[in-house]
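Chemist: Supplied structure: final-v3.cif, mmCIF, C-alpha atoms.
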data_work
#
loop_
_atom_site.label_atom_id
_atom_site.label_comp_id
_atom_site.auth_asym_id
_atom_site.auth_seq_id
_atom_site.Cartn_x
_atom_site.Cartn_y
_atom_site.Cartn_z
CA MET A 1 220.17 202.39 87.34
CA THR A 2 219.57 205.72 85.60
CA TRP A 3 220.24 206.49 81.93
CA ARG A 4 223.33 208.45 83.03
CA ASP A 5 224.76 205.35 84.73
CA ALA A 6 224.11 203.28 81.61
CA LEU A 7 225.74 205.94 79.43
CA ASP A 8 228.71 206.10 81.78
CA ILE A 9 229.21 202.32 81.65
CA LEU A 10 228.87 202.30 77.85
CA ALA A 11 231.42 205.12 77.50
CA VAL A 12 233.93 203.28 79.69
CA ALA A 13 233.39 200.04 77.74
CA VAL A 14 233.93 201.81 74.40
CA LEU A 15 237.07 203.48 75.76
CA PHE A 16 238.57 200.20 76.91
CA TYR A 17 237.62 198.50 73.64
CA TYR A 18 239.31 201.27 71.63
CA LEU A 19 242.42 201.18 73.81
CA TYR A 20 242.59 197.40 73.42
CA GLY A 21 242.49 197.85 69.64
CA LEU A 22 245.36 200.34 69.78
CA PHE A 23 247.55 198.00 71.81
CA ALA A 24 246.43 194.75 70.17
CA GLU A 25 249.26 194.71 67.60
CA THR A 26 252.06 195.65 69.98
CA ARG A 27 254.10 193.78 72.56
CA ALA A 28 252.30 195.89 75.20
CA LEU A 29 249.23 193.65 74.92
CA ASN A 30 250.83 190.96 77.10
CA LEU A 31 251.77 193.70 79.55
CA ILE A 32 248.15 194.81 79.82
CA ARG A 33 247.06 191.27 80.55
CA GLY A 34 249.70 191.04 83.25
CA LEU A 35 248.55 194.33 84.77
CA VAL A 36 244.97 193.06 84.94
CA VAL A 37 246.14 190.01 86.88
CA TYR A 38 248.30 192.24 89.12
CA VAL A 39 245.39 194.55 89.96
CA LEU A 40 243.09 191.60 90.67
CA VAL A 41 245.60 190.07 93.09
CA TRP A 42 246.08 193.46 94.75
CA PHE A 43 242.29 193.89 95.10
CA VAL A 44 241.81 190.41 96.56
CA ALA A 45 244.72 190.91 98.99
CA ASP A 46 243.24 194.20 100.19
CA LYS A 47 239.72 192.81 100.65
CA ALA A 48 241.01 189.65 102.36
CA GLY A 49 242.92 191.70 104.91
CA LEU A 50 246.38 190.58 103.75
CA LYS A 51 247.93 193.86 104.77
CA ALA A 52 251.57 193.00 104.11
CA LEU A 53 250.89 191.72 100.58
CA ALA A 54 248.58 194.64 99.78
CA TRP A 55 251.18 197.13 101.05
CA LEU A 56 253.92 195.49 98.98
CA LEU A 57 251.85 195.43 95.79
CA GLY A 58 250.74 199.03 96.30
CA ASN A 59 254.26 200.38 96.70
CA ALA A 60 255.59 198.26 93.81
CA ALA A 61 252.88 199.69 91.54
CA THR A 62 254.12 203.25 92.12
CA LEU A 63 257.64 202.42 90.96
CA GLY A 64 256.34 200.14 88.20
CA VAL A 65 254.49 202.97 86.45
CA PHE A 66 257.71 204.89 85.83
CA ALA A 67 259.55 201.75 84.72
CA LEU A 68 256.80 200.90 82.24
CA ILE A 69 256.88 204.39 80.70
CA VAL A 70 260.60 203.98 80.00
CA VAL A 71 260.47 200.40 78.73
CA PHE A 72 257.39 200.82 76.55
CA GLN A 73 258.09 204.34 75.29
CA PRO A 74 257.98 203.30 71.58
CA GLU A 75 254.59 201.62 72.00
CA LEU A 76 253.14 204.56 73.95
CA ARG A 77 254.38 206.96 71.30
CA GLY A 78 252.83 204.83 68.57
CA VAL A 79 249.48 204.76 70.38
CA LEU A 80 249.46 208.54 70.82
CA GLU A 81 250.26 209.02 67.14
CA ARG A 82 247.43 206.67 66.16
CA LEU A 83 245.03 208.70 68.29
CA GLY A 84 245.83 211.80 66.23
CA ARG A 85 245.60 210.26 62.77
CA GLY A 86 241.87 210.76 62.37
CA ARG A 87 242.36 214.51 62.07
CA LEU A 88 244.53 214.16 58.98
CA ALA A 89 243.59 213.38 55.41
CA PRO A 90 244.61 209.89 54.28
CA GLY A 91 247.71 209.58 52.15
CA VAL A 92 247.42 209.35 48.40
CA LEU A 93 249.47 207.56 45.76
CA PRO A 94 248.40 208.30 42.18
CA SER A 95 248.39 205.29 39.86
CA GLU A 96 251.16 206.73 37.69
CA ALA A 97 253.44 207.23 40.71
CA SER A 98 252.57 203.74 41.95
CA GLU A 99 253.55 202.18 38.64
CA GLU A 100 256.82 204.12 38.49
CA LEU A 101 257.60 203.00 42.03
CA VAL A 102 256.92 199.32 41.33
CA ARG A 103 258.88 199.44 38.07
CA GLY A 104 261.90 200.90 39.82
CA LEU A 105 261.73 198.45 42.73
CA GLU A 106 261.39 195.52 40.33
CA ARG A 107 264.53 196.52 38.44
CA MET A 108 266.42 197.14 41.68
CA ALA A 109 265.46 193.72 43.04
CA ALA A 110 266.74 192.12 39.82
CA ARG A 111 270.03 194.01 40.18
CA ARG A 112 270.29 193.28 43.93
CA LEU A 113 270.20 196.97 44.84
CA GLY A 114 269.00 197.50 48.40
CA ALA A 115 266.21 200.02 48.94
CA LEU A 116 264.04 201.43 51.71
CA VAL A 117 260.95 203.43 50.74
CA ALA A 118 258.30 204.79 53.14
CA LEU A 119 254.91 205.81 51.74
CA GLU A 120 253.29 208.45 53.93
CA ARG A 121 249.65 207.96 54.89
CA ARG A 122 247.90 209.72 57.79
CA THR A 123 250.90 210.04 60.09
CA PRO A 124 253.20 212.89 58.95
CA LEU A 125 256.78 211.76 58.37
CA GLY A 126 258.28 215.26 58.39
CA GLU A 127 260.48 214.60 61.42
CA TYR A 128 262.15 211.70 59.60
CA ALA A 129 262.44 213.70 56.38
CA GLU A 130 264.45 216.28 58.31
CA THR A 131 267.10 213.65 59.08
CA GLY A 132 267.89 213.31 55.36
CA GLU A 133 268.14 215.49 52.27
CA LEU A 134 265.14 217.28 50.78
CA VAL A 135 264.43 215.98 47.27
CA ASP A 136 260.91 217.19 46.35
CA ALA A 137 260.90 215.50 42.96
CA ARG A 138 258.31 213.59 40.97
CA VAL A 139 258.31 209.86 41.66
CA SER A 140 260.16 208.06 38.87
CA ALA A 141 261.76 204.65 38.50
CA ARG A 142 265.05 206.04 37.17
CA LEU A 143 265.42 208.54 40.01
CA LEU A 144 264.71 205.83 42.57
CA GLU A 145 267.40 203.60 41.05
CA THR A 146 269.85 206.50 40.97
CA ILE A 147 269.28 207.32 44.63
CA PHE A 148 269.97 203.77 45.80
CA THR A 149 272.90 203.02 43.52
CA VAL A 150 275.79 202.02 45.77
CA GLY A 151 278.37 204.77 46.12
CA THR A 152 276.01 207.71 45.62
CA PRO A 153 275.73 210.18 48.52
CA LEU A 154 272.03 209.39 49.18
CA HIS A 155 271.97 205.61 48.87
CA ASP A 156 272.41 204.90 52.58
CA GLY A 157 269.08 205.56 54.28
CA GLY A 158 265.40 205.66 53.40
CA VAL A 159 263.29 207.57 50.90
CA ILE A 160 259.99 209.15 51.93
CA VAL A 161 257.18 209.39 49.38
CA ARG A 162 254.38 211.91 49.88
CA GLY A 163 251.71 211.70 47.21
CA ASP A 164 253.41 211.61 43.82
CA ARG A 165 256.64 213.18 45.11
CA PHE A 166 259.87 211.97 46.62
CA LEU A 167 259.92 214.15 49.71
CA ALA A 168 263.40 213.30 51.03
CA ALA A 169 266.19 210.73 50.73
CA ALA A 170 268.95 209.38 52.99
CA CYS A 171 266.51 209.55 55.91
CA VAL A 172 267.12 207.80 59.23
CA PHE A 173 264.26 205.57 60.40
CA PRO A 174 263.96 204.12 63.93
CA LEU A 175 265.14 200.52 64.22
CA SER A 176 262.74 197.96 65.65
CA GLU A 177 263.85 196.63 69.04
CA ARG A 178 261.91 193.38 68.73
CA GLU A 179 264.08 190.44 69.77
CA ASP A 180 262.54 188.13 67.17
CA LEU A 181 263.87 190.36 64.36
CA VAL A 182 267.53 190.51 65.38
CA TYR A 183 268.43 188.21 62.48
CA LEU A 184 267.28 190.82 59.96
CA GLY A 185 269.50 193.45 58.40
CA THR A 186 269.39 197.14 59.22
CA ARG A 187 267.07 198.06 56.34
CA HIS A 188 264.45 195.51 57.32
CA ARG A 189 264.56 196.48 61.00
CA ALA A 190 264.27 200.14 60.01
CA ALA A 191 261.24 199.31 57.85
CA VAL A 192 259.54 197.51 60.74
CA GLY A 193 260.62 200.21 63.19
CA LEU A 194 259.02 203.03 61.21
CA SER A 195 255.83 201.00 60.73
CA GLU A 196 255.67 200.50 64.51
CA VAL A 197 255.53 204.24 65.24
CA SER A 198 253.48 205.35 62.22
CA ASP A 199 250.92 204.04 59.75
CA ALA A 200 253.38 204.31 56.86
CA LEU A 201 253.62 201.51 54.33
CA VAL A 202 257.34 200.77 54.13
CA ILE A 203 258.84 198.81 51.22
CA VAL A 204 262.27 197.22 51.53
CA VAL A 205 264.40 195.51 48.88
CA SER A 206 267.10 193.11 50.04
CA GLU A 207 270.45 193.57 48.35
CA GLU A 208 271.49 190.05 49.43
CA ARG A 209 268.47 188.13 48.14
CA GLY A 210 266.85 190.54 45.70
CA THR A 211 263.47 190.19 47.44
CA ILE A 212 260.73 192.76 48.01
CA ARG A 213 258.85 192.92 51.31
CA VAL A 214 256.44 195.36 52.94
CA ALA A 215 256.31 196.45 56.57
CA GLU A 216 253.02 197.65 58.01
CA ARG A 217 251.83 198.02 61.63
CA GLY A 218 255.01 196.43 62.91
CA GLU A 219 254.72 193.32 60.74
CA LEU A 220 256.86 192.26 57.79
CA SER A 221 255.18 190.59 54.84
CA PRO A 222 256.48 187.51 53.01
CA ASN A 223 258.41 188.08 49.80
CA LEU A 224 256.24 189.83 47.20
CA THR A 225 256.36 189.69 43.43
CA PRO A 226 256.00 193.01 41.56
CA SER A 227 252.41 192.03 40.68
CA GLU A 228 251.60 191.33 44.32
CA LEU A 229 253.15 194.66 45.31
CA ARG A 230 250.91 196.46 42.78
CA VAL A 231 247.88 194.78 44.29
CA ARG A 232 248.97 195.72 47.83
CA LEU A 233 249.46 199.36 46.88
CA LYS A 234 246.05 199.44 45.25
CA GLU A 235 244.48 197.93 48.37
CA VAL A 236 246.06 200.55 50.62
CA PHE A 237 245.82 203.67 48.45
CA GLY A 238 243.06 202.73 46.02
CA ALA A 239 243.00 203.39 42.30
CA GLN A 240 243.84 207.09 42.12
CA GLY A 241 244.48 208.83 38.85
#
What would you get if you wrote out this structure as structure tokens?

Modeler:
Amino acid sequence: MTWRDALDILAVAVLFYYLYGLFAETRALNLIRGLVVYVLVWFVADKAGLKALAWLLGNAATLGVFALIVVFQPELRGVLERLGRGRLAPGVLPSEASEELVRGLERMAARRLGALVALERRTPLGEYAETGELVDARVSARLLETIFTVGTPLHDGGVIVRGDRFLAAACVFPLSEREDLVYLGTRHRAAVGLSEVSDALVIVVSEERGTIRVAERGELSPNLTPSELRVRLKEVFGAQG
């Protein structure tokens, strides 16, 4: 074995390891495992001279590729977006904006005002901002409460935060299609849905229970207290003045 062969094997191993990491937190992981088993059976059938089985598996694979692209389009899109994040600067959330945000969410939870707030990180959320109304205003607790007050024109939808600014309000986020989340309301499924296709940290306040939860990487956190939310924001964005 030459050094080129060793380098080639190492490169392939790193590629598969990286791809596994991208799919590890999606429902596509079980699909990948199934595909490995499928390919192994196909290989064994071909080598064992089982021509009918090998022919059937080969032709089914051709149609299966197109079916998988359609069924797992959200996951594939999420993976492609993750591949491009490294070229962008990480999102920021100054400490003053973080405190204003937590203060507003705390008061809204106490008043049972529903809210949906997406904090932009590496993945640009411009396409979702375009579905709502441009705000471009400094993050403040009072403005956040005003936006989500029932009956106001912008209360139905999500708010996108970029840095220390409210970028847009009344934005439409993609709903998660996970079957285990069908019991959740629209806001919570929208929070999970956006976190599935981006690296945004999405905060949702329940108007029924007055609870605060965070969606990240397709997962919804348990109920958080305002203090726990402050800690989570500091973990994600750091202490930025």

Chemist: One number please: atom CA of A:Ala109 to atom CA of A:Pro174, in Å, one decimal.

Modeler: 23.4 Å

Chemist: Between atom CA of A:Leu201 and atom CA of A:Glu216, what is the spacing in Å?

Modeler: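 If I compute the distance from atom CA of A:Glu216 to atom CA of A:Leu201, I get 5.4 Å.
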
Chemist: Which residue out of A:Ala6, A:Ala169, A:Val161, A:Leu184 has the minimum interatomic distance to A:Ser98 when all atoms listed in the file are used?

Modeler: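 Ranked by minimum distance to A:Ser98, first place goes to A:Val161.
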
Chemist: Record the distance separating atom CA of A:Arg230 and atom CA of A:Ala97, expressed in Å with one decimal.

Modeler: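 Computing the Euclidean distance for atom CA of A:Arg230 and atom CA of A:Ala97 yields 11.3 Å.
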
Chemist: Could you list, as a count of residues only, every residue within 10 Å of A:Arg178, counting only C-alpha atoms and ignoring same-chain residues fewer than 5 positions away?

Modeler: 5

Chemist: Show me, as a PyMOL selection string, the residues that have an atom within 12 Å of A:Ala115 when counting all atoms listed in the file, minus same-chain residues fewer than 2 positions from it.

Modeler: chain A and resi 101+104-109+111-113+117-118+144-150+154-160+169-171+185-188+190-191+202-208+210-214

Chemist: Any idea what's packed within 8 Å of A:Leu53, counting all atoms listed in the file, ignoring anything in its chain fewer than 4 positions away? Could you give it as a ChimeraX atom specification?

Modeler: /A:42,45,57

Chemist: How big is the axis-aligned box, and where does its centre sit, when it encloses all atoms of stretch 162-177 of chain A listed in the file and has 8 Å added on every side, reported in Å to one decimal as AutoDock Vina command-line options?

Modeler:
--center_x 260.3 --center_y 205.4 --center_z 56.4 --size_x 33.2 --size_y 33.5 --size_z 41.2

Chemist: Assuming the chain letters and numbering stay as they are in my file, what does the PyMOL selection byres ((chain A and resi 131) around 6) actually select? List them as a list in words.

Modeler: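 Selected by the PyMOL selection byres ((chain A and resi 131) around 6) here: Tyr128, Ala129, Glu130, Gly132, Cys171 and Val172 of chain A.
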
Chemist: What would the selection look like, as a short mmCIF file (atom, residue, chain, number, x, y, z; two decimals) with C-alpha atoms, in the coordinates of the input, if the PyMOL selection byres ((chain A and resi 238) around 9) were run on the coordinates I just shared?

Modeler:
data_model
loop_
_atom_site.label_atom_id
_atom_site.label_comp_id
_atom_site.auth_asym_id
_atom_site.auth_seq_id
_atom_site.Cartn_x
_atom_site.Cartn_y
_atom_site.Cartn_z
CA VAL A 92 247.42 209.35 48.40
CA LEU A 93 249.47 207.56 45.76
CA PRO A 94 248.40 208.30 42.18
CA SER A 95 248.39 205.29 39.86
CA LEU A 233 249.46 199.36 46.88
CA LYS A 234 246.05 199.44 45.25
CA GLU A 235 244.48 197.93 48.37
CA VAL A 236 246.06 200.55 50.62
CA PHE A 237 245.82 203.67 48.45
CA ALA A 239 243.00 203.39 42.30
CA GLN A 240 243.84 207.09 42.12
#

Chemist: Between A:Leu10, A:Val139, A:Leu125, A:Ala54, single out the one closest to A:Val102, counting all atoms listed in the file.

Modeler: A:Val139

Chemist: Given the choices A:Ala141, A:Val182, A:Ala200, A:Ala52, which gets closest to A:Leu119 if the distance is worked out from only C-alpha atoms?

Modeler: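 Answer, going by the shortest atom-to-atom distance: A:Ala200.
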
Chemist: Given the file shown, determine the residues that the PyMOL selection byres ((chain A and resi 58) around 12) selects; report them as a PyMOL selection string.

Modeler: chain A and resi 38-39+41-43+45-46+51-57+59-65

Chemist: Is there a way to complete stretch 126-157 of chain A with N, CA and C atoms and then write that out as a PDB file, keeping the file's coordinate frame?

Modeler:
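Result file out-v4.pdb:
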ATOM      1  N   GLY A 126     257.379 214.108  58.512  1.00  0.00           N
ATOM      2  CA  GLY A 126     258.280 215.260  58.390  1.00  0.00           C
ATOM      3  C   GLY A 126     259.500 215.181  59.278  1.00  0.00           C
ATOM      4  N   GLU A 127     259.337 214.658  60.507  1.00  0.00           N
ATOM      5  CA  GLU A 127     260.480 214.600  61.420  1.00  0.00           C
ATOM      6  C   GLU A 127     261.560 213.667  60.909  1.00  0.00           C
ATOM      7  N   TYR A 128     261.160 212.618  60.168  1.00  0.00           N
ATOM      8  CA  TYR A 128     262.150 211.700  59.600  1.00  0.00           C
ATOM      9  C   TYR A 128     262.729 212.272  58.309  1.00  0.00           C
ATOM     10  N   ALA A 129     261.933 213.042  57.575  1.00  0.00           N
ATOM     11  CA  ALA A 129     262.440 213.700  56.380  1.00  0.00           C
ATOM     12  C   ALA A 129     263.550 214.680  56.722  1.00  0.00           C
ATOM     13  N   GLU A 130     263.436 215.306  57.890  1.00  0.00           N
ATOM     14  CA  GLU A 130     264.450 216.280  58.310  1.00  0.00           C
ATOM     15  C   GLU A 130     265.802 215.646  58.615  1.00  0.00           C
ATOM     16  N   THR A 131     265.826 214.319  58.812  1.00  0.00           N
ATOM     17  CA  THR A 131     267.100 213.650  59.080  1.00  0.00           C
ATOM     18  C   THR A 131     267.884 213.373  57.791  1.00  0.00           C
ATOM     19  N   GLY A 132     267.229 213.570  56.635  1.00  0.00           N
ATOM     20  CA  GLY A 132     267.890 213.310  55.360  1.00  0.00           C
ATOM     21  C   GLY A 132     268.036 214.564  54.523  1.00  0.00           C
ATOM     22  N   GLU A 133     267.998 214.385  53.210  1.00  0.00           N
ATOM     23  CA  GLU A 133     268.140 215.490  52.270  1.00  0.00           C
ATOM     24  C   GLU A 133     266.817 215.703  51.537  1.00  0.00           C
ATOM     25  N   LEU A 134     266.364 216.941  51.491  1.00  0.00           N
ATOM     26  CA  LEU A 134     265.140 217.280  50.780  1.00  0.00           C
ATOM     27  C   LEU A 134     265.316 217.017  49.292  1.00  0.00           C
ATOM     28  N   VAL A 135     264.367 216.300  48.695  1.00  0.00           N
ATOM     29  CA  VAL A 135     264.430 215.980  47.270  1.00  0.00           C
ATOM     30  C   VAL A 135     263.327 216.722  46.511  1.00  0.00           C
ATOM     31  N   ASP A 136     262.078 216.540  46.963  1.00  0.00           N
ATOM     32  CA  ASP A 136     260.910 217.190  46.350  1.00  0.00           C
ATOM     33  C   ASP A 136     260.924 217.040  44.834  1.00  0.00           C
ATOM     34  N   ALA A 137     260.898 215.792  44.388  1.00  0.00           N
ATOM     35  CA  ALA A 137     260.900 215.500  42.960  1.00  0.00           C
ATOM     36  C   ALA A 137     259.815 214.487  42.634  1.00  0.00           C
ATOM     37  N   ARG A 138     259.347 214.518  41.399  1.00  0.00           N
ATOM     38  CA  ARG A 138     258.310 213.590  40.970  1.00  0.00           C
ATOM     39  C   ARG A 138     258.814 212.155  41.082  1.00  0.00           C
ATOM     40  N   VAL A 139     257.941 211.261  41.536  1.00  0.00           N
ATOM     41  CA  VAL A 139     258.310 209.860  41.660  1.00  0.00           C
ATOM     42  C   VAL A 139     258.609 209.276  40.277  1.00  0.00           C
ATOM     43  N   SER A 140     259.800 208.714  40.123  1.00  0.00           N
ATOM     44  CA  SER A 140     260.160 208.060  38.870  1.00  0.00           C
ATOM     45  C   SER A 140     261.061 206.878  39.158  1.00  0.00           C
ATOM     46  N   ALA A 141     260.969 205.864  38.315  1.00  0.00           N
ATOM     47  CA  ALA A 141     261.760 204.650  38.500  1.00  0.00           C
ATOM     48  C   ALA A 141     263.250 204.951  38.381  1.00  0.00           C
ATOM     49  N   ARG A 142     263.624 205.756  37.397  1.00  0.00           N
ATOM     50  CA  ARG A 142     265.050 206.040  37.170  1.00  0.00           C
ATOM     51  C   ARG A 142     265.655 206.822  38.329  1.00  0.00           C
ATOM     52  N   LEU A 143     264.901 207.779  38.874  1.00  0.00           N
ATOM     53  CA  LEU A 143     265.420 208.540  40.010  1.00  0.00           C
ATOM     54  C   LEU A 143     265.582 207.648  41.229  1.00  0.00           C
ATOM     55  N   LEU A 144     264.626 206.747  41.432  1.00  0.00           N
ATOM     56  CA  LEU A 144     264.710 205.830  42.570  1.00  0.00           C
ATOM     57  C   LEU A 144     265.957 204.954  42.451  1.00  0.00           C
ATOM     58  N   GLU A 145     266.212 204.427  41.267  1.00  0.00           N
ATOM     59  CA  GLU A 145     267.400 203.600  41.050  1.00  0.00           C
ATOM     60  C   GLU A 145     268.672 204.406  41.261  1.00  0.00           C
ATOM     61  N   THR A 146     268.662 205.644  40.818  1.00  0.00           N
ATOM     62  CA  THR A 146     269.850 206.500  40.970  1.00  0.00           C
ATOM     63  C   THR A 146     270.149 206.759  42.437  1.00  0.00           C
ATOM     64  N   ILE A 147     269.095 207.029  43.209  1.00  0.00           N
ATOM     65  CA  ILE A 147     269.280 207.320  44.630  1.00  0.00           C
ATOM     66  C   ILE A 147     269.935 206.154  45.356  1.00  0.00           C
ATOM     67  N   PHE A 148     269.494 204.929  45.057  1.00  0.00           N
ATOM     68  CA  PHE A 148     269.970 203.770  45.800  1.00  0.00           C
ATOM     69  C   PHE A 148     271.145 203.043  45.145  1.00  0.00           C
ATOM     70  N   THR A 149     271.700 203.608  44.100  1.00  0.00           N
ATOM     71  CA  THR A 149     272.900 203.020  43.520  1.00  0.00           C
ATOM     72  C   THR A 149     274.055 203.141  44.508  1.00  0.00           C
ATOM     73  N   VAL A 150     274.710 202.038  44.781  1.00  0.00           N
ATOM     74  CA  VAL A 150     275.790 202.020  45.770  1.00  0.00           C
ATOM     75  C   VAL A 150     276.890 203.005  45.374  1.00  0.00           C
ATOM     76  N   GLY A 151     277.306 203.801  46.353  1.00  0.00           N
ATOM     77  CA  GLY A 151     278.370 204.770  46.120  1.00  0.00           C
ATOM     78  C   GLY A 151     277.870 206.190  45.972  1.00  0.00           C
ATOM     79  N   THR A 152     276.552 206.357  45.718  1.00  0.00           N
ATOM     80  CA  THR A 152     276.010 207.710  45.620  1.00  0.00           C
ATOM     81  C   THR A 152     275.785 208.267  47.024  1.00  0.00           C
ATOM     82  N   PRO A 153     275.826 209.590  47.181  1.00  0.00           N
ATOM     83  CA  PRO A 153     275.730 210.180  48.520  1.00  0.00           C
ATOM     84  C   PRO A 153     274.426 209.873  49.262  1.00  0.00           C
ATOM     85  N   LEU A 154     273.333 209.563  48.541  1.00  0.00           N
ATOM     86  CA  LEU A 154     272.030 209.390  49.180  1.00  0.00           C
ATOM     87  C   LEU A 154     271.592 207.941  49.314  1.00  0.00           C
ATOM     88  N   HIS A 155     272.437 206.992  48.919  1.00  0.00           N
ATOM     89  CA  HIS A 155     271.970 205.610  48.870  1.00  0.00           C
ATOM     90  C   HIS A 155     271.786 204.973  50.251  1.00  0.00           C
ATOM     91  N   ASP A 156     272.462 205.503  51.246  1.00  0.00           N
ATOM     92  CA  ASP A 156     272.410 204.900  52.580  1.00  0.00           C
ATOM     93  C   ASP A 156     271.343 205.592  53.422  1.00  0.00           C
ATOM     94  N   GLY A 157     270.186 204.973  53.540  1.00  0.00           N
ATOM     95  CA  GLY A 157     269.080 205.560  54.280  1.00  0.00           C
ATOM     96  C   GLY A 157     267.774 205.255  53.580  1.00  0.00           C
TER      97      GLY A 157
END
